[in-house]
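S.K.: Input structure: coords00.txt, which contains compact mmCIF, C-alpha atoms.
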# COMPACT_ATOMS: atom_id res chain seq x y z
CA MET A 1 111.34 96.46 84.15
CA THR A 2 110.98 98.54 81.02
CA MET A 3 110.26 96.77 77.80
CA THR A 4 111.76 98.03 74.59
CA ASP A 5 110.30 97.38 71.14
CA ALA A 6 113.04 94.89 70.40
CA ASN A 7 111.80 92.47 73.02
CA LYS A 8 108.09 93.07 72.89
CA PRO A 9 106.28 89.91 74.02
CA GLY A 10 104.35 87.75 71.57
CA LYS A 11 100.62 88.23 71.39
CA GLN A 12 99.70 84.56 71.63
CA SER A 13 97.62 83.48 74.55
CA LEU A 14 98.52 80.44 76.60
CA ALA A 15 95.40 78.78 75.17
CA GLU A 16 96.78 79.16 71.62
CA ILE A 17 100.22 77.95 72.69
CA ILE A 18 98.72 74.86 74.36
CA GLN A 19 96.80 74.09 71.20
CA SER A 20 99.52 74.69 68.60
CA LEU A 21 102.23 72.87 70.53
CA ASP A 22 99.81 70.09 71.49
CA LEU A 23 100.72 70.40 75.15
CA THR A 24 99.01 68.30 77.79
CA LEU A 25 97.53 70.23 80.67
CA LEU A 26 98.43 68.52 83.95
CA THR A 27 96.79 70.98 86.34
CA GLN A 28 93.15 71.92 86.50
CA PRO A 29 91.53 73.32 83.36
CA GLN A 30 90.74 77.01 83.21
CA ASP A 31 90.29 79.66 80.55
CA PHE A 32 93.77 80.46 79.26
CA SER A 33 92.65 82.72 76.41
CA ALA A 34 93.32 85.87 78.47
CA SER A 35 96.66 84.60 79.76
CA ILE A 36 99.39 86.19 77.62
CA PRO A 37 102.93 85.09 78.48
CA THR A 38 105.45 87.95 78.63
CA ALA A 39 108.59 86.01 77.70
CA GLY A 40 110.20 82.60 77.64
CA TYR A 41 113.06 81.05 79.58
CA THR A 42 114.65 77.64 79.67
CA SER A 43 117.03 76.05 82.17
CA ASP A 44 117.07 73.04 84.45
CA LEU A 45 119.02 74.83 87.16
CA LEU A 46 116.54 76.31 89.60
CA SER A 47 118.72 79.19 90.76
CA CYS A 48 119.22 80.30 87.19
CA VAL A 49 115.45 80.24 86.70
CA MET A 50 115.08 82.26 89.90
CA ALA A 51 117.50 84.82 88.53
CA ASN A 52 116.33 85.04 84.94
CA ALA A 53 112.73 83.95 84.34
CA SER A 54 110.29 86.80 83.79
CA HIS A 55 107.15 87.67 85.69
CA GLN A 56 104.29 85.88 83.85
CA GLY A 57 106.86 84.17 81.61
CA ILE A 58 106.87 80.58 80.37
CA TRP A 59 109.56 78.27 81.71
CA ILE A 60 110.59 75.16 79.79
CA THR A 61 112.44 72.50 81.79
CA LEU A 62 112.87 68.77 82.06
CA GLN A 63 112.82 68.92 85.83
CA ALA A 64 109.56 67.41 87.03
CA HIS A 65 110.05 67.27 90.79
CA THR A 66 108.00 69.21 93.29
CA ASN A 67 110.35 72.19 93.64
CA ILE A 68 109.42 73.49 90.18
CA VAL A 69 106.07 74.45 91.72
CA ALA A 70 107.71 76.58 94.41
CA VAL A 71 109.89 78.30 91.81
CA ALA A 72 106.93 78.97 89.50
CA ALA A 73 104.78 80.26 92.35
CA LEU A 74 107.46 82.58 93.70
CA LEU A 75 108.12 84.02 90.26
CA ASP A 76 104.43 84.23 89.27
CA LEU A 77 105.13 82.33 86.09
CA CYS A 78 102.44 82.05 83.44
CA ALA A 79 103.12 78.32 82.96
CA VAL A 80 105.78 75.61 83.24
CA ILE A 81 106.29 73.28 80.29
CA VAL A 82 107.86 70.01 81.38
CA SER A 83 109.67 68.54 78.37
CA GLU A 84 110.73 65.08 77.16
CA GLY A 85 107.69 63.44 78.68
CA ALA A 86 108.93 63.81 82.25
CA LEU A 87 105.88 63.52 84.50
CA PRO A 88 105.48 65.29 87.83
CA ASP A 89 104.03 63.02 90.53
CA PRO A 90 100.42 63.50 91.70
CA ALA A 91 101.53 65.34 94.87
CA THR A 92 103.38 67.87 92.72
CA ILE A 93 100.33 68.39 90.51
CA GLN A 94 98.14 68.80 93.58
CA LYS A 95 100.53 71.36 95.01
CA ALA A 96 100.54 73.20 91.70
CA ASN A 97 96.74 73.37 91.77
CA GLN A 98 96.85 74.76 95.30
CA GLU A 99 99.42 77.39 94.38
CA GLY A 100 97.70 78.30 91.11
CA VAL A 101 100.66 77.11 89.03
CA VAL A 102 99.95 75.87 85.49
CA LEU A 103 101.86 72.69 84.58
CA LEU A 104 102.03 71.50 80.98
CA SER A 105 103.70 68.44 79.57
CA THR A 106 105.14 67.51 76.20
CA PRO A 107 107.07 64.51 74.82
CA LYS A 108 109.21 66.95 72.76
CA THR A 109 112.61 68.30 73.85
CA SER A 110 113.10 71.72 75.44
CA PHE A 111 114.95 72.85 72.29
CA HIS A 112 112.00 71.90 70.09
CA ILE A 113 109.49 73.74 72.31
CA VAL A 114 111.68 76.84 72.61
CA GLY A 115 112.07 76.92 68.82
CA LYS A 116 108.33 76.65 68.29
CA LEU A 117 107.61 79.36 70.86
CA TRP A 118 110.15 81.65 69.21
CA GLU A 119 108.45 81.03 65.84
CA MET A 120 105.17 82.02 67.45
CA GLY A 121 106.70 85.33 68.45
CA LEU A 122 107.62 84.68 72.06
CA ARG A 123 110.98 86.21 73.02
CA ALA A 124 113.40 86.28 75.90
CA GLU A 125 113.03 89.32 78.09
CA MET B 1 94.30 64.28 79.78
CA ASP B 2 93.61 64.90 76.12
CA GLN B 3 89.98 65.32 76.93
CA LEU B 4 90.81 67.95 79.53
CA HIS B 5 93.10 69.92 77.31
CA ASN B 6 90.60 70.03 74.45
CA ILE B 7 88.38 72.12 76.68
CA GLN B 8 90.65 75.07 76.10
CA SER B 9 90.14 75.14 72.38
CA ARG B 10 86.35 75.36 72.13
CA ALA B 11 83.22 76.34 73.96
CA ILE B 12 82.64 74.44 77.17
CA THR B 13 79.63 72.15 77.13
CA ASP B 14 77.42 71.60 80.15
CA GLN B 15 78.98 68.17 80.61
CA GLU B 16 82.51 69.56 80.61
CA ALA B 17 81.52 72.46 82.80
CA GLN B 18 81.12 69.91 85.54
CA ASN B 19 84.81 69.05 85.27
CA ILE B 20 86.05 72.47 86.32
CA THR B 21 87.39 71.76 89.76
CA ARG B 22 87.21 75.23 91.28
CA LEU B 23 83.62 75.76 90.22
CA GLU B 24 82.80 72.15 90.89
CA GLU B 25 83.52 72.67 94.56
CA LEU B 26 81.10 75.56 94.67
CA ALA B 27 78.52 73.57 92.72
CA TYR B 28 78.61 71.04 95.54
CA GLU B 29 78.58 73.65 98.30
CA LEU B 30 75.78 75.86 96.99
CA ARG B 31 72.18 74.68 97.38
CA VAL B 32 69.49 75.18 94.78
CA ASN B 33 67.54 77.59 97.05
CA GLU B 34 70.59 79.86 97.27
CA VAL B 35 70.66 80.50 93.53
CA MET B 36 67.04 80.00 92.35
CA THR B 37 64.57 82.77 91.54
CA ALA B 38 62.17 82.70 94.49
CA ASP B 39 59.92 85.46 93.18
CA LEU B 40 57.69 82.95 91.43
CA LYS B 41 55.74 84.17 88.39
CA ALA B 42 53.18 81.37 88.20
CA LEU B 43 50.17 80.76 85.99
CA SER B 44 47.04 78.71 86.60
CA PRO B 45 45.65 76.18 84.09
CA GLU B 46 42.66 78.42 83.43
CA THR B 47 44.73 81.54 82.61
CA PRO B 48 44.10 82.66 79.01
CA MET B 49 47.18 82.25 76.80
CA VAL B 50 46.98 85.98 75.95
CA ASP B 51 47.59 86.77 79.63
CA ALA B 52 50.50 84.33 79.72
CA LEU B 53 51.97 86.15 76.72
CA GLU B 54 51.58 89.48 78.54
CA LEU B 55 53.21 88.09 81.71
CA PHE B 56 56.23 86.84 79.73
CA ARG B 57 56.58 90.26 78.11
CA SER B 58 56.14 92.40 81.23
CA ALA B 59 58.19 90.23 83.62
CA LYS B 60 60.84 89.49 80.91
CA ILE B 61 60.74 85.76 81.57
CA SER B 62 60.96 82.83 79.19
CA GLY B 63 59.13 80.22 81.21
CA ALA B 64 56.69 79.85 84.11
CA PRO B 65 55.29 77.03 86.21
CA VAL B 66 51.57 76.27 86.11
CA ILE B 67 50.10 75.82 89.58
CA SER B 68 46.68 74.58 90.60
CA ASN B 69 45.67 74.46 94.31
CA GLY B 70 49.29 74.80 95.37
CA LYS B 71 50.32 71.85 93.19
CA LEU B 72 52.58 72.02 90.18
CA VAL B 73 50.65 70.72 87.15
CA GLY B 74 52.67 71.94 84.19
CA ILE B 75 55.18 74.38 82.76
CA ILE B 76 54.87 76.93 79.98
CA SER B 77 57.90 77.97 77.95
CA LEU B 78 58.52 80.34 75.06
CA GLU B 79 58.19 77.44 72.63
CA ASP B 80 54.67 76.82 73.90
CA LEU B 81 53.83 80.48 73.32
CA ILE B 82 55.23 80.32 69.80
CA ARG B 83 53.16 77.19 69.14
CA TYR B 84 50.09 79.07 70.39
CA LEU B 85 50.83 82.08 68.15
CA THR B 86 51.52 80.00 65.03
CA ASN B 87 48.21 78.23 65.66
CA GLY B 88 46.55 81.59 65.20
CA GLY B 89 46.53 82.87 68.76
CA ALA B 90 42.87 82.03 69.26
CA ASN B 91 41.14 82.08 72.63
CA SER B 92 42.73 79.34 74.60
CA THR B 93 43.96 78.61 78.09
CA VAL B 94 47.32 77.62 79.49
CA GLU B 95 46.33 73.99 80.11
CA ASN B 96 46.00 73.40 76.38
CA PHE B 97 49.58 74.35 75.65
CA MET B 98 51.53 73.63 78.84
CA SER B 99 54.03 70.82 79.03
CA ARG B 100 53.07 68.12 81.52
CA ASN B 101 56.40 66.37 81.39
CA LEU B 102 57.60 67.71 84.71
CA ILE B 103 61.16 67.49 85.87
CA THR B 104 61.73 69.22 89.16
CA VAL B 105 64.58 69.75 91.57
CA ARG B 106 64.45 69.91 95.38
CA SER B 107 65.41 73.23 96.99
CA THR B 108 67.88 71.61 99.39
CA GLU B 109 69.82 69.74 96.73
CA PRO B 110 73.28 70.91 95.73
CA VAL B 111 73.46 72.93 92.53
CA VAL B 112 75.44 70.15 90.87
CA GLU B 113 72.32 67.92 90.89
CA ALA B 114 70.44 70.61 88.97
CA LEU B 115 73.34 70.88 86.52
CA LYS B 116 73.10 67.14 85.87
CA LEU B 117 69.37 67.48 85.22
CA PHE B 118 69.96 70.31 82.75
CA VAL B 119 72.51 68.17 80.93
CA ASP B 120 70.38 65.01 80.91
CA THR B 121 66.99 66.54 80.06
CA ARG B 122 67.99 69.59 78.01
CA HIS B 123 65.22 71.49 79.78
CA GLY B 124 65.70 75.25 79.99
CA ARG B 125 64.27 75.66 83.49
CA LEU B 126 63.43 73.49 86.45
CA PRO B 127 60.66 74.18 88.97
CA VAL B 128 62.08 74.05 92.51
CA MET B 129 60.07 72.11 95.11
CA ASN B 130 60.24 72.30 98.89
CA GLU B 131 60.25 69.26 101.16
CA GLU B 132 56.43 69.10 101.06
CA GLY B 133 56.44 68.98 97.27
CA HIS B 134 55.15 72.51 96.74
CA PRO B 135 56.72 74.73 94.09
CA ILE B 136 58.68 77.58 95.69
CA GLY B 137 60.88 78.85 92.89
CA ILE B 138 62.31 78.34 89.44
CA LEU B 139 65.85 77.63 88.34
CA THR B 140 67.56 78.36 85.02
CA LYS B 141 71.14 77.81 83.93
CA GLY B 142 71.50 81.59 84.13
CA ASP B 143 70.53 81.50 87.82
CA ILE B 144 73.25 78.94 88.44
CA THR B 145 75.86 80.99 86.57
CA MET B 146 74.90 84.10 88.57
CA GLY B 147 74.97 82.17 91.84
CA LEU B 148 78.40 80.72 91.11
CA LEU B 149 79.78 84.10 90.07
CA LYS B 150 78.47 85.71 93.25
CA ALA B 151 80.02 82.93 95.33
CA LEU B 152 83.36 83.41 93.56
CA GLN B 153 83.13 87.13 94.21
CA ARG B 154 82.45 86.46 97.89
CA ASP B 155 85.64 84.35 98.07
CA TYR B 156 87.51 87.19 96.44
CA GLN B 157 86.10 89.77 98.84
CA ILE B 158 87.12 87.67 101.84
CA GLU B 159 90.70 87.65 100.55
CA GLU B 160 90.47 91.42 99.90
CA LEU B 161 89.29 91.95 103.46
CA ARG B 162 92.21 89.91 104.80
CA THR B 163 94.59 92.02 102.75
CA TYR B 164 92.90 95.20 103.91
CA ARG B 165 93.09 94.25 107.57
CA ALA B 166 96.72 93.19 107.27
CA SER B 167 97.75 96.29 105.38
CA HIS B 168 96.34 98.47 108.16
CA LEU B 169 98.15 96.55 110.87
CA PHE B 170 100.98 99.02 111.14
CA GLU B 171 98.64 102.02 111.20
CA ASP B 172 96.34 100.54 113.83
CA ILE B 173 99.02 99.61 116.32
CA VAL B 174 100.89 102.51 117.84
CA SER B 175 104.35 102.09 119.31
CA ASP B 176 107.72 103.76 118.96
CA ARG B 177 108.82 100.98 116.69
CA THR B 178 106.39 98.28 115.53
CA SER B 179 107.54 95.14 113.81
CA LEU B 180 106.05 91.84 112.84
CA ILE B 181 108.25 88.79 113.18
CA LEU B 182 107.71 85.58 111.22
CA ARG B 183 109.72 82.45 112.02
CA TYR B 184 110.03 79.31 109.96
CA THR B 185 111.81 76.10 110.89
CA ILE B 186 113.49 74.53 107.88
CA LYS B 187 114.28 70.82 107.96
CA GLN B 188 117.49 69.46 106.48
CA GLY B 189 116.92 67.39 103.33
CA ASP B 190 113.19 68.14 103.11
CA PHE B 191 113.05 68.93 99.41
CA THR B 192 109.31 68.41 99.15
CA GLN B 193 108.77 71.41 101.43
CA GLY B 194 111.40 73.48 99.62
CA GLY B 195 109.97 76.91 98.88
CA THR B 196 107.07 76.65 101.33
CA ALA B 197 108.48 79.18 103.79
CA SER B 198 109.44 81.64 101.06
CA SER B 199 105.99 81.35 99.44
CA ARG B 200 104.38 82.08 102.80
CA ILE B 201 106.65 85.04 103.41
CA LYS B 202 105.85 86.44 99.99
CA ARG B 203 102.10 86.01 100.58
CA ALA B 204 102.36 87.68 103.99
CA LEU B 205 104.12 90.66 102.43
CA LEU B 206 101.48 91.01 99.73
CA ARG B 207 98.74 90.87 102.35
CA LEU B 208 100.54 93.55 104.29
CA GLY B 209 100.31 95.70 101.20
CA ALA B 210 103.94 95.46 100.08
CA ASN B 211 104.83 96.42 96.54
CA PRO B 212 104.69 93.18 94.42
CA LEU B 213 108.22 93.80 93.17
CA ILE B 214 109.54 93.96 96.73
CA ALA B 215 107.57 90.80 97.59
CA ARG B 216 109.11 89.08 94.57
CA ARG B 217 112.67 90.09 95.48
CA CYS B 218 112.05 88.96 99.03
CA GLY B 219 110.60 85.66 97.76
CA ILE B 220 113.63 84.95 95.59
CA ALA B 221 116.13 85.80 98.34
CA THR B 222 114.37 83.71 100.99
CA TYR B 223 113.90 80.83 98.54
CA GLU B 224 117.65 80.63 98.00
CA ALA B 225 118.31 80.89 101.74
CA GLU B 226 115.68 78.24 102.42
CA MET B 227 117.18 75.82 99.86
CA ASN B 228 120.66 76.43 101.36
CA LEU B 229 119.32 75.35 104.76
CA ILE B 230 117.73 72.25 103.21
CA ILE B 231 120.75 71.27 101.12
CA HIS B 232 123.84 72.39 103.01
CA THR B 233 123.17 72.07 106.75
CA GLU B 234 123.40 69.19 109.21
CA HIS B 235 120.16 69.88 111.09
CA GLY B 236 118.33 72.46 109.03
CA GLY B 237 117.86 75.94 110.41
CA ILE B 238 115.61 78.90 111.02
CA ILE B 239 114.38 81.70 108.82
CA ARG B 240 113.34 84.78 110.73
CA VAL B 241 111.69 87.68 108.96
CA GLU B 242 111.16 90.99 110.68
CA ILE B 243 108.79 93.29 108.86
CA GLU B 244 108.74 96.98 109.71
CA PRO B 245 107.10 99.83 107.81
CA HIS B 246 110.47 100.96 106.47
CA GLN B 247 112.39 97.71 106.01
CA ILE B 248 112.36 93.93 105.94
CA THR B 249 115.14 92.09 107.73
CA ILE B 250 115.58 88.41 106.94
CA GLU B 251 117.89 86.13 108.86
CA ALA B 252 118.68 82.54 107.99
CA TYR B 253 120.81 80.67 110.47
CA ASP B 254 121.93 77.14 111.20
CA ASP B 255 124.27 75.23 113.48
CA GLY B 256 126.62 73.77 110.95
CA PRO B 257 128.72 72.74 109.29
CA GLY B 258 129.44 76.30 108.17
CA ILE B 259 131.17 77.67 105.10
CA GLN B 260 134.90 77.11 104.76
CA ASP B 261 135.63 79.95 102.37
CA ILE B 262 133.00 82.68 102.12
CA ASP B 263 134.68 84.47 99.20
CA GLN B 264 134.66 81.25 97.22
CA ALA B 265 131.02 80.57 98.19
CA MET B 266 130.02 83.98 96.85
CA ARG B 267 131.61 83.29 93.44
CA PRO B 268 129.00 82.71 90.71
CA GLY B 269 128.95 79.05 89.71
CA TYR B 270 130.77 77.74 92.77
CA SER B 271 128.89 75.01 94.61
CA THR B 272 129.62 72.20 97.02
CA ALA B 273 126.36 70.39 96.21
CA SER B 274 126.52 66.65 95.55
CA GLU B 275 125.83 65.04 92.19
CA GLU B 276 122.35 63.85 93.29
CA ILE B 277 121.37 67.35 94.35
CA ARG B 278 122.65 68.80 91.10
CA GLU B 279 120.47 66.33 89.20
CA LEU B 280 117.46 67.91 90.89
CA GLY B 281 118.51 71.22 89.43
CA PHE B 282 120.06 72.66 92.58
CA GLY B 283 123.70 73.47 93.14
CA ALA B 284 124.07 75.87 90.23
CA GLY B 285 126.30 77.97 92.46
CA MET B 286 124.01 80.94 91.95
CA GLY B 287 122.09 81.00 95.23
CA LEU B 288 124.13 83.58 97.13
CA VAL B 289 124.64 85.57 93.94
CA ASN B 290 120.87 85.73 93.46
CA ILE B 291 120.39 86.82 97.05
CA SER B 292 122.88 89.67 96.71
CA ARG B 293 121.06 90.86 93.58
CA CYS B 294 117.69 90.86 95.32
CA VAL B 295 118.44 92.51 98.63
CA ASP B 296 119.76 95.95 99.49
CA ASN B 297 122.13 94.74 102.12
CA MET B 298 123.58 91.31 102.79
CA LYS B 299 125.91 90.01 105.46
CA LEU B 300 127.17 86.44 105.54
CA GLU B 301 129.01 85.16 108.60
CA SER B 302 130.17 81.62 109.11
CA THR B 303 132.47 79.65 111.30
CA TRP B 304 133.50 76.24 110.06
CA GLY B 305 132.18 73.64 112.50
CA LYS B 306 129.82 76.11 114.18
CA GLY B 307 127.31 77.36 111.67
CA THR B 308 126.26 80.13 109.35
CA ARG B 309 124.22 83.29 109.75
CA LEU B 310 122.94 85.15 106.71
CA ARG B 311 121.38 88.54 107.27
CA MET B 312 119.54 90.35 104.48
CA LYS B 313 117.79 93.70 104.39
CA LEU B 314 115.33 95.23 101.96
CA PHE B 315 114.48 98.90 102.38
CA LEU B 316 110.90 99.84 101.69
CA GLN B 317 111.00 103.61 101.73
CA LYS B 318 113.92 104.82 99.75
CA PRO B 319 114.73 107.76 97.53
CA GLU B 320 114.98 106.93 93.83
CA GLY B 321 118.32 106.04 92.37
CA THR B 322 119.72 104.35 95.46
CA PRO B 323 121.28 100.91 95.03
CA ALA B 324 117.96 99.51 96.22
CA ASP B 325 116.53 100.35 92.84
CA LYS B 326 118.99 98.19 91.00
CA GLU B 327 117.33 96.24 88.30
CA ILE B 328 115.62 93.02 89.24
CA LYS B 329 113.76 91.28 86.50
CA ALA B 330 110.06 91.23 87.10
Written as structure tokens, how would this file's structure read?

M.R.:
Amino acid sequence: MTMTDANKPGKQSLAEIIQSLDLTLLTQPQDFSASIPTAGYTSDLLSCVMANASHQGIWITLQAHTNIVAVAALLDLCAVIVSEGALPDPATIQKANQEGVVLLSTPKTSFHIVGKLWEMGLRAE
Amino acid sequence: MDQLHNIQSRAITDQEAQNITRLEELAYELRVNEVMTADLKALSPETPMVDALELFRSAKISGAPVISNGKLVGIISLEDLIRYLTNGGANSTVENFMSRNLITVRSTEPVVEALKLFVDTRHGRLPVMNEEGHPIGILTKGDITMGLLKALQRDYQIEELRTYRASHLFEDIVSDRTSLILRYTIKQGDFTQGGTASSRIKRALLRLGANPLIARRCGIATYEAEMNLIIHTEHGGIIRVEIEPHQITIEAYDDGPGIQDIDQAMRPGYSTASEEIRELGFGAGMGLVNISRCVDNMKLESTWGKGTRLRMKLFLQKPEGTPADKEIKA
């Protein structure tokens, strides 16, 4: 729970991240300027995400099926970035809106997005 | 989509404001008469402009309808007052400066109709008319913003009240041992519903006033148990959660096929999931490991051919430094 100086979260808001990484917002628009992600995590194995993603963290994955919404909601993630242009179906997006989960999409690979986020100051917990 | 995501990077225009789904709903639900200013500061055509100036100053308004014999005949705005003052502020009456280009809105119309009018006409205020065509109020964009904010706050208070009521449940009901039992039927192979039961359990705990960290641990443990029922059983199973003031007991049970080797099943990375299921991101072999990290007490019993029963406990009132405080990322 405690955060040391070595892994202090980046200061960028989700709004800035969406803009600089040119991410497409799939869920309903809202003001993301006050949403500050605490850390980043990437994996396509849901149990690993369950074990390791941080509260209010960003999760990068190429899974696009409906269970990513359940995982993100249970972990109170800040946002999910779906990589390599994988597109969740409309039912998944609708469910995300109901659960208050933010889904973003990018044609780039997970590696690329993680690298960019690290450059912006986001760290693992 | 690009259009939507641009909204984040700059100020929202009136047109785009209509695209915000959550507020949009309210804009359709709320009627103009629920958000308008009904305390009408009206002028008559014969009122001297000096008096209009004084009214604007004392009532702190920036526009007023002009009414003659109960009928709306014009509207005076700050710009009209400025025009009057730059013309020297001579003796003159309201009818010489008022705008006669009247755009009104009906009191029973949804707020969204007024928003459209604001966008289309760029007017700062709209006189509100009743069914008989008489002016009964005035509406500004500020009124709409206030009305929407109040409505959002009402929603929030309703949720707060629910949480309050739920969190007092255990205090209000007196027995030697009170518990609340939640049951969820989990269908085999129903991936689209995967996580629904655990989300509901987590929400119930939060409403009952549980510590968010406890709710999170409980959510993770039940999610893994729920997915195990969906992936690894023949007919699905049941999740039963018993909530007591001092502990949460979760049971997940099914009628087969059972686990052949429990020690092996508990090993991190071991999974019997099929290739298709692994492609969905399941079958990492971490489910039971995650559960054991999240709960204070875990008991797994299984008979091959009969079924499996997983029993988990989380203690709510515990002295510091017990194993229950082991670190869970949050």

S.K.: Could you pull the residues within 12 Å of Leu74 in chain A, counting all atoms listed in the file, minus those fewer than 4 positions along the same chain, as an MDAnalysis selection string?

M.R.: (chainID A and resid 46 49:51 53:56 67:70 78 96 99:101) or (chainID B and resid 194:203 206 212:224 330)

S.K.: So how far away is CA of Ile230 in chain B from CA of Thr185 in chain B, in Å?

M.R.: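 If I compute the distance from CA of Thr185 in chain B to CA of Ile230 in chain B, I get 10.4 Å.
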
S.K.: Restricting the calculation to all atoms listed in the file, which member of A:Ser47, A:Asn97, A:Thr106, A:Thr92 is positioned closest to chain B?

M.R.: A:Ser47

S.K.: I'd like the neighbourhood of range 233-241 of chain B as a ChimeraX atom specification, where a residue qualifies if any of its atoms comes within 7 Å (using only C-alpha atoms), though same-chain residues fewer than 4 positions away should be ignored.

M.R.: /B:181-188,229,248-254,256-257

S.K.: Up to 9 Å from (69.0, 78.1, 89.4) in the file's coordinates: name the residues, counting only C-alpha atoms, as JSON, numbers by chain.

M.R.: {"B": [32, 33, 34, 35, 36, 37, 111, 114, 115, 125, 126, 128, 137, 138, 139, 140, 141, 142, 143, 144, 145, 146, 147]}

S.K.: Would you mind listing what lies within 6 Å of Lys306 in chain B as an MDAnalysis selection string, with all atoms listed in the file counted and same-chain residues fewer than 2 positions away left out?

M.R.: chainID B and resid 255:256 303:304

S.K.: Between A:Ile113, A:Ala91, A:Ile36, A:Leu103, which one has atoms that come closest to Glu16 in chain A, using all atoms listed in the file?

M.R.: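 Nearest candidate to Glu16 in chain A out of A:Ile113, A:Ala91, A:Ile36, A:Leu103: A:Ile36.
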
S.K.: Can you pull out every residue within 10 Å of range 163-178 of chain B, counting all atoms listed in the file, but drop anything in the same chain fewer than 6 positions away, and send it as a list in words?

M.R.: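 Selected residues are Gln157, Arg203, Ala204, Leu205, Leu206, Arg207, Leu208, Gly209, Ala210, Glu242, Ile243, Glu244 and Pro245 of chain B.
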
S.K.: From the options A:Thr42, A:Ile60, A:Glu125, A:Val114, which residue's atoms come nearest to chain B, counting all atoms listed in the file?

M.R.: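 Ranked by minimum distance to chain B, first place goes to A:Glu125.
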
S.K.: What's the separation between CA of Val73 in chain B and CA of Gly124 in chain B, in Å to one decimal place?

M.R.: 17.3 Å

S.K.: So, counting all atoms listed in the file, which residue among B:Gly307, B:Lys313, B:Ile61, B:Asn228 is closest to chain A?

M.R.: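 Answer, going by the shortest atom-to-atom distance: B:Asn228.
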
S.K.: Suppose you want the space between CA of Thr66 in chain A and CA of Thr192 in chain B; what is it in Å?

M.R.: 6.1 Å
